[in-house]
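Coordinates as given in protein_5.pdb (PDB, C-alpha atoms):
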```pdb
ATOM      1  CA  MET A 154      97.011 167.712 155.388  1.00  0.00           C
ATOM      2  CA  ALA A 155      95.035 166.196 152.513  1.00  0.00           C
ATOM      3  CA  SER A 156      94.829 162.433 152.486  1.00  0.00           C
ATOM      4  CA  ARG A 157      96.038 160.491 149.487  1.00  0.00           C
ATOM      5  CA  LYS A 158      93.425 159.137 147.141  1.00  0.00           C
ATOM      6  CA  ARG A 159      92.965 155.418 147.635  1.00  0.00           C
ATOM      7  CA  LEU A 160      93.749 153.627 144.392  1.00  0.00           C
ATOM      8  CA  SER A 161      92.773 150.138 143.339  1.00  0.00           C
ATOM      9  CA  PRO A 162      95.720 147.754 142.862  1.00  0.00           C
ATOM     10  CA  GLU A 163      95.383 148.147 139.083  1.00  0.00           C
ATOM     11  CA  GLU A 164      95.244 151.964 139.294  1.00  0.00           C
ATOM     12  CA  SER A 165      98.265 151.998 141.584  1.00  0.00           C
ATOM     13  CA  ARG A 166     100.223 149.752 139.212  1.00  0.00           C
ATOM     14  CA  LEU A 167      99.261 151.873 136.195  1.00  0.00           C
ATOM     15  CA  ALA A 168     100.254 155.090 138.005  1.00  0.00           C
ATOM     16  CA  ALA A 169     103.639 153.553 138.809  1.00  0.00           C
ATOM     17  CA  LEU A 170     104.203 152.495 135.187  1.00  0.00           C
ATOM     18  CA  GLU A 171     103.247 155.948 133.893  1.00  0.00           C
ATOM     19  CA  ALA A 172     105.661 157.558 136.402  1.00  0.00           C
ATOM     20  CA  ALA A 173     108.393 155.122 135.356  1.00  0.00           C
ATOM     21  CA  ARG A 174     107.759 155.962 131.704  1.00  0.00           C
ATOM     22  CA  THR A 175     108.064 159.691 132.455  1.00  0.00           C
ATOM     23  CA  LEU A 176     111.334 159.107 134.343  1.00  0.00           C
ATOM     24  CA  LEU A 177     112.644 157.030 131.440  1.00  0.00           C
ATOM     25  CA  ILE A 178     112.002 159.826 128.941  1.00  0.00           C
ATOM     26  CA  GLU A 179     113.201 162.643 131.211  1.00  0.00           C
ATOM     27  CA  THR A 180     116.309 161.166 132.803  1.00  0.00           C
ATOM     28  CA  GLY A 181     117.061 157.784 131.259  1.00  0.00           C
ATOM     29  CA  PRO A 182     116.671 154.131 132.232  1.00  0.00           C
ATOM     30  CA  GLN A 183     119.134 154.245 135.140  1.00  0.00           C
ATOM     31  CA  SER A 184     116.695 156.482 137.036  1.00  0.00           C
ATOM     32  CA  ILE A 185     113.911 153.883 137.133  1.00  0.00           C
ATOM     33  CA  THR A 186     114.084 152.716 140.744  1.00  0.00           C
ATOM     34  CA  LEU A 187     111.341 151.819 143.189  1.00  0.00           C
ATOM     35  CA  LYS A 188     112.303 154.819 145.322  1.00  0.00           C
ATOM     36  CA  ALA A 189     112.206 157.303 142.432  1.00  0.00           C
ATOM     37  CA  VAL A 190     108.902 156.011 141.097  1.00  0.00           C
ATOM     38  CA  GLY A 191     107.400 155.929 144.586  1.00  0.00           C
ATOM     39  CA  ALA A 192     108.414 159.554 145.151  1.00  0.00           C
ATOM     40  CA  ARG A 193     106.737 160.561 141.874  1.00  0.00           C
ATOM     41  CA  ILE A 194     103.372 159.085 142.811  1.00  0.00           C
ATOM     42  CA  GLY A 195     103.414 159.452 146.599  1.00  0.00           C
ATOM     43  CA  ARG A 196     103.673 155.732 147.321  1.00  0.00           C
ATOM     44  CA  THR A 197     106.040 153.832 149.566  1.00  0.00           C
ATOM     45  CA  HIS A 198     108.862 151.551 148.551  1.00  0.00           C
ATOM     46  CA  ALA A 199     106.937 148.680 150.171  1.00  0.00           C
ATOM     47  CA  ASN A 200     103.850 149.459 148.083  1.00  0.00           C
ATOM     48  CA  LEU A 201     105.811 149.231 144.843  1.00  0.00           C
ATOM     49  CA  LEU A 202     107.662 146.162 146.074  1.00  0.00           C
ATOM     50  CA  HIS A 203     104.270 144.512 146.521  1.00  0.00           C
ATOM     51  CA  HIS A 204     103.325 145.260 142.896  1.00  0.00           C
ATOM     52  CA  PHE A 205     106.626 144.544 141.136  1.00  0.00           C
ATOM     53  CA  GLY A 206     108.808 142.505 143.499  1.00  0.00           C
ATOM     54  CA  SER A 207     112.007 144.416 142.705  1.00  0.00           C
ATOM     55  CA  ALA A 208     113.448 147.214 140.575  1.00  0.00           C
ATOM     56  CA  ALA A 209     114.134 144.603 137.876  1.00  0.00           C
ATOM     57  CA  GLY A 210     110.486 143.548 138.078  1.00  0.00           C
ATOM     58  CA  LEU A 211     109.410 147.168 137.668  1.00  0.00           C
ATOM     59  CA  GLN A 212     111.680 147.575 134.649  1.00  0.00           C
ATOM     60  CA  LYS A 213     110.381 144.378 133.062  1.00  0.00           C
ATOM     61  CA  ALA A 214     106.786 145.503 133.662  1.00  0.00           C
ATOM     62  CA  LEU A 215     107.645 148.876 132.102  1.00  0.00           C
ATOM     63  CA  ALA A 216     109.111 147.132 129.042  1.00  0.00           C
ATOM     64  CA  GLY A 217     105.873 145.200 128.643  1.00  0.00           C
ATOM     65  CA  TYR A 218     103.787 148.337 129.170  1.00  0.00           C
ATOM     66  CA  LEU A 219     105.778 150.257 126.548  1.00  0.00           C
ATOM     67  CA  ALA A 220     105.614 147.333 124.140  1.00  0.00           C
ATOM     68  CA  ALA A 221     101.843 147.081 124.474  1.00  0.00           C
ATOM     69  CA  ASN A 222     101.415 150.819 123.856  1.00  0.00           C
ATOM     70  CA  VAL A 223     103.832 150.710 120.923  1.00  0.00           C
ATOM     71  CA  CYS A 224     102.099 147.740 119.321  1.00  0.00           C
ATOM     72  CA  ASP A 225      98.636 149.232 119.783  1.00  0.00           C
ATOM     73  CA  THR A 226      99.832 152.389 118.032  1.00  0.00           C
ATOM     74  CA  ILE A 227     101.537 150.472 115.215  1.00  0.00           C
ATOM     75  CA  ALA A 228      98.478 148.255 114.730  1.00  0.00           C
ATOM     76  CA  GLU A 229      96.280 151.336 114.391  1.00  0.00           C
ATOM     77  CA  ALA A 230      98.684 152.787 111.818  1.00  0.00           C
ATOM     78  CA  VAL A 231      98.742 149.520 109.838  1.00  0.00           C
ATOM     79  CA  MET A 232      94.950 149.341 109.779  1.00  0.00           C
ATOM     80  CA  ALA A 233      94.712 153.015 108.774  1.00  0.00           C
ATOM     81  CA  SER A 234      97.231 152.429 105.992  1.00  0.00           C
ATOM     82  CA  ARG A 235      95.226 149.517 104.661  1.00  0.00           C
ATOM     83  CA  ALA A 236      92.078 151.624 104.741  1.00  0.00           C
ATOM     84  CA  GLY A 237      93.820 154.318 102.687  1.00  0.00           C
ATOM     85  CA  GLN A 238      94.007 156.702 105.652  1.00  0.00           C
ATOM     86  CA  GLY A 239      97.661 156.271 106.469  1.00  0.00           C
ATOM     87  CA  SER A 240     100.943 155.192 104.934  1.00  0.00           C
ATOM     88  CA  PRO A 241     103.839 152.785 105.468  1.00  0.00           C
ATOM     89  CA  ARG A 242     105.897 155.820 106.519  1.00  0.00           C
ATOM     90  CA  GLN A 243     103.564 156.381 109.460  1.00  0.00           C
ATOM     91  CA  VAL A 244     104.095 152.777 110.549  1.00  0.00           C
ATOM     92  CA  VAL A 245     107.868 153.316 110.296  1.00  0.00           C
ATOM     93  CA  ASP A 246     107.818 156.634 112.148  1.00  0.00           C
ATOM     94  CA  LEU A 247     105.665 155.282 114.980  1.00  0.00           C
ATOM     95  CA  THR A 248     107.959 152.279 115.407  1.00  0.00           C
ATOM     96  CA  PHE A 249     111.142 154.363 115.335  1.00  0.00           C
ATOM     97  CA  ASP A 250     109.670 156.970 117.691  1.00  0.00           C
ATOM     98  CA  ALA A 251     108.719 154.267 120.188  1.00  0.00           C
ATOM     99  CA  PHE A 252     112.303 153.096 120.443  1.00  0.00           C
ATOM    100  CA  ASP A 253     113.800 156.594 120.321  1.00  0.00           C
ATOM    101  CA  LYS A 254     111.559 159.332 121.748  1.00  0.00           C
ATOM    102  CA  GLU A 255     109.587 156.979 123.993  1.00  0.00           C
ATOM    103  CA  GLY A 256     112.772 155.366 125.345  1.00  0.00           C
ATOM    104  CA  ALA A 257     112.049 151.681 124.645  1.00  0.00           C
ATOM    105  CA  GLY A 258     115.422 151.151 122.955  1.00  0.00           C
ATOM    106  CA  ALA A 259     117.421 152.693 125.790  1.00  0.00           C
ATOM    107  CA  LEU A 260     115.433 150.775 128.412  1.00  0.00           C
ATOM    108  CA  ALA A 261     115.870 147.395 126.730  1.00  0.00           C
ATOM    109  CA  SER A 262     119.599 147.951 126.116  1.00  0.00           C
ATOM    110  CA  TRP A 263     120.258 149.168 129.654  1.00  0.00           C
ATOM    111  CA  MET A 264     118.379 146.241 131.197  1.00  0.00           C
ATOM    112  CA  ILE A 265     120.366 143.730 129.143  1.00  0.00           C
ATOM    113  CA  LEU A 266     123.672 145.421 130.013  1.00  0.00           C
ATOM    114  CA  THR A 267     122.808 145.349 133.727  1.00  0.00           C
ATOM    115  CA  GLY A 268     122.059 141.629 133.692  1.00  0.00           C
ATOM    116  CA  ASN A 269     118.295 141.560 133.199  1.00  0.00           C
ATOM    117  CA  GLU A 270     118.570 139.177 130.254  1.00  0.00           C
ATOM    118  CA  ASP A 271     114.843 138.573 129.894  1.00  0.00           C
ATOM    119  CA  ALA A 272     114.251 142.293 129.370  1.00  0.00           C
ATOM    120  CA  LEU A 273     113.208 141.886 125.771  1.00  0.00           C
ATOM    121  CA  THR A 274     110.749 139.073 126.480  1.00  0.00           C
ATOM    122  CA  PRO A 275     107.672 141.280 127.005  1.00  0.00           C
ATOM    123  CA  ILE A 276     108.576 143.423 123.997  1.00  0.00           C
ATOM    124  CA  VAL A 277     109.125 140.408 121.751  1.00  0.00           C
ATOM    125  CA  GLU A 278     105.957 138.675 122.980  1.00  0.00           C
ATOM    126  CA  THR A 279     103.829 141.775 122.403  1.00  0.00           C
ATOM    127  CA  ILE A 280     105.255 142.392 118.925  1.00  0.00           C
ATOM    128  CA  HIS A 281     104.733 138.709 118.092  1.00  0.00           C
ATOM    129  CA  GLU A 282     101.076 139.013 119.136  1.00  0.00           C
ATOM    130  CA  LEU A 283     100.729 142.106 116.941  1.00  0.00           C
ATOM    131  CA  VAL A 284     102.181 140.314 113.918  1.00  0.00           C
ATOM    132  CA  ASP A 285      99.901 137.334 114.479  1.00  0.00           C
ATOM    133  CA  GLU A 286      96.958 139.724 114.679  1.00  0.00           C
ATOM    134  CA  ILE A 287      97.912 141.478 111.433  1.00  0.00           C
ATOM    135  CA  ALA A 288      99.155 138.510 109.398  1.00  0.00           C
ATOM    136  CA  PRO A 289      96.013 136.308 109.278  1.00  0.00           C
ATOM    137  CA  GLU A 290      94.163 138.945 107.277  1.00  0.00           C
ATOM    138  CA  GLU A 291      96.254 138.196 104.216  1.00  0.00           C
ATOM    139  CA  ALA A 292      98.409 135.184 105.020  1.00  0.00           C
ATOM    140  CA  GLN A 293      97.229 132.006 103.336  1.00  0.00           C
ATOM    141  CA  SER A 294     100.369 129.999 104.008  1.00  0.00           C
ATOM    142  CA  HIS A 295     103.144 129.461 106.521  1.00  0.00           C
ATOM    143  CA  GLU A 296     105.575 131.173 104.113  1.00  0.00           C
ATOM    144  CA  GLU A 297     103.507 134.351 103.970  1.00  0.00           C
ATOM    145  CA  ILE A 298     103.168 134.502 107.754  1.00  0.00           C
ATOM    146  CA  MET A 299     106.930 134.026 108.105  1.00  0.00           C
ATOM    147  CA  ARG A 300     107.514 136.837 105.600  1.00  0.00           C
ATOM    148  CA  VAL A 301     105.466 139.234 107.733  1.00  0.00           C
ATOM    149  CA  HIS A 302     107.325 138.062 110.850  1.00  0.00           C
ATOM    150  CA  GLU A 303     110.658 138.662 109.129  1.00  0.00           C
ATOM    151  CA  GLU A 304     109.680 142.169 108.061  1.00  0.00           C
ATOM    152  CA  THR A 305     108.532 142.948 111.602  1.00  0.00           C
ATOM    153  CA  LEU A 306     111.851 141.682 112.957  1.00  0.00           C
ATOM    154  CA  ALA A 307     113.789 143.827 110.486  1.00  0.00           C
ATOM    155  CA  LEU A 308     111.710 146.921 111.281  1.00  0.00           C
ATOM    156  CA  VAL A 309     112.152 146.519 115.053  1.00  0.00           C
ATOM    157  CA  LEU A 310     115.903 145.863 114.737  1.00  0.00           C
ATOM    158  CA  MET A 311     116.305 148.923 112.519  1.00  0.00           C
ATOM    159  CA  ALA A 312     114.299 151.078 114.930  1.00  0.00           C
ATOM    160  CA  MET A 313     116.259 149.888 117.957  1.00  0.00           C
ATOM    161  CA  GLY A 314     119.616 150.327 116.247  1.00  0.00           C
ATOM    162  CA  ASP A 315     118.654 153.780 115.020  1.00  0.00           C
ATOM    163  CA  ALA A 316     117.602 154.803 118.539  1.00  0.00           C
ATOM    164  CA  LEU A 317     120.995 153.799 119.926  1.00  0.00           C
ATOM    165  CA  ILE A 318     123.511 154.834 117.244  1.00  0.00           C
ATOM    166  CA  GLY A 319     121.564 155.922 114.183  1.00  0.00           C
ATOM    167  CA  ALA A 320     122.242 159.658 114.286  1.00  0.00           C
ATOM    168  CA  ALA A 321     126.001 159.293 114.839  1.00  0.00           C
ATOM    169  CA  LEU A 322     126.340 156.522 112.262  1.00  0.00           C
ATOM    170  CA  ALA A 323     124.376 158.391 109.595  1.00  0.00           C
ATOM    171  CA  ARG A 324     126.458 161.510 110.240  1.00  0.00           C
ATOM    172  CA  SER A 325     129.736 159.584 109.907  1.00  0.00           C
ATOM    173  CA  LEU A 326     128.550 158.083 106.618  1.00  0.00           C
ATOM    174  CA  GLY A 327     127.427 161.433 105.258  1.00  0.00           C
ATOM    175  CA  LEU A 328     123.787 160.351 105.185  1.00  0.00           C
ATOM    176  CA  PRO A 329     120.729 162.318 106.293  1.00  0.00           C
ATOM    177  CA  ALA A 330     119.433 161.708 109.822  1.00  0.00           C
ATOM    178  CA  THR A 331     116.352 160.044 108.332  1.00  0.00           C
ATOM    179  CA  ALA A 332     118.362 157.470 106.326  1.00  0.00           C
ATOM    180  CA  ALA A 333     117.345 154.438 108.420  1.00  0.00           C
ATOM    181  CA  ARG A 334     113.682 155.470 108.414  1.00  0.00           C
ATOM    182  CA  ASP A 335     113.817 156.024 104.650  1.00  0.00           C
ATOM    183  CA  ARG A 336     115.328 152.554 104.160  1.00  0.00           C
ATOM    184  CA  ALA A 337     112.705 150.956 106.428  1.00  0.00           C
ATOM    185  CA  GLU A 338     109.937 152.636 104.448  1.00  0.00           C
ATOM    186  CA  ARG A 339     111.339 151.307 101.166  1.00  0.00           C
ATOM    187  CA  MET A 340     111.572 147.839 102.714  1.00  0.00           C
ATOM    188  CA  LEU A 341     107.905 147.887 103.730  1.00  0.00           C
ATOM    189  CA  LEU A 342     106.756 149.242 100.379  1.00  0.00           C
ATOM    190  CA  SER A 343     108.619 146.561  98.438  1.00  0.00           C
ATOM    191  CA  SER A 344     108.067 143.518 100.624  1.00  0.00           C
ATOM    192  CA  VAL A 345     104.777 144.062 102.453  1.00  0.00           C
ATOM    193  CA  PRO A 346     102.476 145.444  99.736  1.00  0.00           C
ATOM    194  CA  GLU A 347      99.507 144.896 102.078  1.00  0.00           C
ATOM    195  CA  LEU A 348     100.565 148.072 103.869  1.00  0.00           C
ATOM    196  CA  SER A 349     100.412 150.203 100.728  1.00  0.00           C
ATOM    197  CA  GLN A 350      97.450 152.412 100.149  1.00  0.00           C
ATOM    198  CA  PRO A 351      94.917 150.995  97.704  1.00  0.00           C
ATOM    199  CA  GLU A 352      94.894 152.439  94.213  1.00  0.00           C
TER
END
```

Same coordinates, now as C-alpha cells:
Amino acid sequence: MASRKRLSPEESRLAALEAARTLLIETGPQSITLKAVGARIGRTHANLLHHFGSAAGLQKALAGYLAANVCDTIAEAVMASRAGQGSPRQVVDLTFDAFDKEGAGALASWMILTGNEDALTPIVETIHELVDEIAPEEAQSHEEIMRVHEETLALVLMAMGDALIGAALARSLGLPATAARDRAERMLLSSVPELSQPE
C-alpha cells in the first residue's frame, strides 16, 4: 500500500480548503464538514480539527480563502481595465461569478442561517483591503475614498443577491437573466469613471 505524501502544515491546510471549495461547488455549503473534507484529501478528522478547530472554523477559513481569491481576480480585472486591456463588465462578471458559480454567496448565507454570524467577516475584510488598495491611486480626499467604498458595497450586495434570487426575480419581472449584471455595469461606468478604458 502506497504511503501518503507528507504535507507541510500550510500544504495540508491549502489542500483542505481546495477540497472544501470543490465540495461547495459540487454539492452545496451543507456538505462542508470535517469528515467530508478529510475523506476527499485522505486526512483524518483529528488532522483537520488541528488546522481549523471545528466545522465552523473550516467554513470561516473557506470564506476567507474564497474572498482572497475573488479579490485577487477582481483587482487584476480593475488594473487591466485601467490599462485599457479590460472593461468594467469584466469586473462585474468576475464579482458576480464569484458569488454564484464559485459558491461564495451560498456559503455566506448558509453560515449566517446556521448561526455562524461572523461568516462574512473574512469576506468583508478582504474586500475592504482590495478597495483600500485600489482607491489610493485616484482618491485625493475622504469623500472620494468613501465613494469607491460605496460602489464596492453596492457591487457586492448586487452580486450576492443575484446569486441567491436573481434568476427567479428577473424571470418574474420579465427581465433578462443578465439584468442585475447589466445594471451593475451601468453603475460602475457612471460612478467610477476610473474603471473605464482610456480614450

Name the residues that the PyMOL selection byres ((chain A and resi 174-191) around 12) pulls out of this structure, and write them as a PyMOL selection string.
-> chain A and resi 165-173+192-220+222+250-267

At a cut-off of 10 Å from (115.0, 145.2, 108.9) in the coordinates of the file, what residues are picked up using all atoms listed in the file, written as a VMD selection string?
-> chain A and resid 303 to 312 333 336 to 337 340 to 341

Which one is closest to A:Val231: A:Thr274, A:Ser161, A:Thr279, A:Thr248? Count all atoms listed in the file.
-> A:Thr248

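The coordinates place atom CA of A:Glu296 at 26.0 Å from atom CA of A:Arg334.
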
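With all atoms listed in the file as the atoms that count, the minimum distance from A:Met232 to the choices A:Leu283, A:Ser344, A:His295, A:Ala321 is reached by A:Leu283.
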
Using only C-alpha atoms, determine which residues lie at most 12 Å from A:Asp335, disregarding the query and same-chain residues fewer than 6 positions distant; provide the list as number ranges by chain.
-> A: 241-246, 249, 308, 311-312, 315, 323, 328-329, 341-342

Is it possible to add N, CA, C and O atoms to stretch 182-196 of chain A and hand it back as a PDB file, in the frame of the given file?
```pdb
ATOM      1  N   PRO A 182     117.060 155.381 131.585  1.00  0.00           N
ATOM      2  CA  PRO A 182     116.671 154.131 132.232  1.00  0.00           C
ATOM      3  C   PRO A 182     117.293 153.902 133.608  1.00  0.00           C
ATOM      4  O   PRO A 182     116.701 153.246 134.454  1.00  0.00           O
ATOM      5  N   GLN A 183     118.488 154.461 133.849  1.00  0.00           N
ATOM      6  CA  GLN A 183     119.134 154.245 135.140  1.00  0.00           C
ATOM      7  C   GLN A 183     118.372 154.884 136.296  1.00  0.00           C
ATOM      8  O   GLN A 183     118.596 154.542 137.452  1.00  0.00           O
ATOM      9  N   SER A 184     117.449 155.796 135.981  1.00  0.00           N
ATOM     10  CA  SER A 184     116.695 156.482 137.036  1.00  0.00           C
ATOM     11  C   SER A 184     115.436 155.735 137.457  1.00  0.00           C
ATOM     12  O   SER A 184     114.743 156.152 138.384  1.00  0.00           O
ATOM     13  N   ILE A 185     115.143 154.614 136.813  1.00  0.00           N
ATOM     14  CA  ILE A 185     113.911 153.883 137.133  1.00  0.00           C
ATOM     15  C   ILE A 185     114.168 152.954 138.315  1.00  0.00           C
ATOM     16  O   ILE A 185     114.574 151.801 138.157  1.00  0.00           O
ATOM     17  N   THR A 186     113.954 153.484 139.512  1.00  0.00           N
ATOM     18  CA  THR A 186     114.084 152.716 140.744  1.00  0.00           C
ATOM     19  C   THR A 186     112.756 152.762 141.482  1.00  0.00           C
ATOM     20  O   THR A 186     111.927 153.644 141.230  1.00  0.00           O
ATOM     21  N   LEU A 187     112.566 151.829 142.402  1.00  0.00           N
ATOM     22  CA  LEU A 187     111.341 151.819 143.189  1.00  0.00           C
ATOM     23  C   LEU A 187     111.207 153.109 143.992  1.00  0.00           C
ATOM     24  O   LEU A 187     110.121 153.675 144.106  1.00  0.00           O
ATOM     25  N   LYS A 188     112.324 153.590 144.513  1.00  0.00           N
ATOM     26  CA  LYS A 188     112.303 154.819 145.322  1.00  0.00           C
ATOM     27  C   LYS A 188     111.903 156.024 144.475  1.00  0.00           C
ATOM     28  O   LYS A 188     111.060 156.830 144.879  1.00  0.00           O
ATOM     29  N   ALA A 189     112.498 156.157 143.298  1.00  0.00           N
ATOM     30  CA  ALA A 189     112.206 157.303 142.432  1.00  0.00           C
ATOM     31  C   ALA A 189     110.763 157.295 141.956  1.00  0.00           C
ATOM     32  O   ALA A 189     110.087 158.326 141.948  1.00  0.00           O
ATOM     33  N   VAL A 190     110.279 156.115 141.569  1.00  0.00           N
ATOM     34  CA  VAL A 190     108.902 156.011 141.097  1.00  0.00           C
ATOM     35  C   VAL A 190     107.933 156.262 142.247  1.00  0.00           C
ATOM     36  O   VAL A 190     106.936 156.979 142.096  1.00  0.00           O
ATOM     37  N   GLY A 191     108.240 155.706 143.409  1.00  0.00           N
ATOM     38  CA  GLY A 191     107.400 155.929 144.586  1.00  0.00           C
ATOM     39  C   GLY A 191     107.285 157.405 144.931  1.00  0.00           C
ATOM     40  O   GLY A 191     106.201 157.907 145.252  1.00  0.00           O
ATOM     41  N   ALA A 192     108.411 158.119 144.850  1.00  0.00           N
ATOM     42  CA  ALA A 192     108.414 159.554 145.151  1.00  0.00           C
ATOM     43  C   ALA A 192     107.539 160.321 144.158  1.00  0.00           C
ATOM     44  O   ALA A 192     106.870 161.288 144.523  1.00  0.00           O
ATOM     45  N   ARG A 193     107.528 159.884 142.904  1.00  0.00           N
ATOM     46  CA  ARG A 193     106.737 160.561 141.874  1.00  0.00           C
ATOM     47  C   ARG A 193     105.232 160.455 142.120  1.00  0.00           C
ATOM     48  O   ARG A 193     104.483 161.353 141.790  1.00  0.00           O
ATOM     49  N   ILE A 194     104.814 159.316 142.673  1.00  0.00           N
ATOM     50  CA  ILE A 194     103.372 159.085 142.811  1.00  0.00           C
ATOM     51  C   ILE A 194     102.904 159.060 144.268  1.00  0.00           C
ATOM     52  O   ILE A 194     101.741 158.759 144.540  1.00  0.00           O
ATOM     53  N   GLY A 195     103.806 159.401 145.199  1.00  0.00           N
ATOM     54  CA  GLY A 195     103.414 159.452 146.599  1.00  0.00           C
ATOM     55  C   GLY A 195     103.103 158.094 147.198  1.00  0.00           C
ATOM     56  O   GLY A 195     102.196 157.959 148.018  1.00  0.00           O
ATOM     57  N   ARG A 196     103.849 157.079 146.780  1.00  0.00           N
ATOM     58  CA  ARG A 196     103.673 155.732 147.321  1.00  0.00           C
ATOM     59  C   ARG A 196     104.975 155.269 147.960  1.00  0.00           C
ATOM     60  O   ARG A 196     106.055 155.744 147.620  1.00  0.00           O
TER      61      ARG A 196
END
```
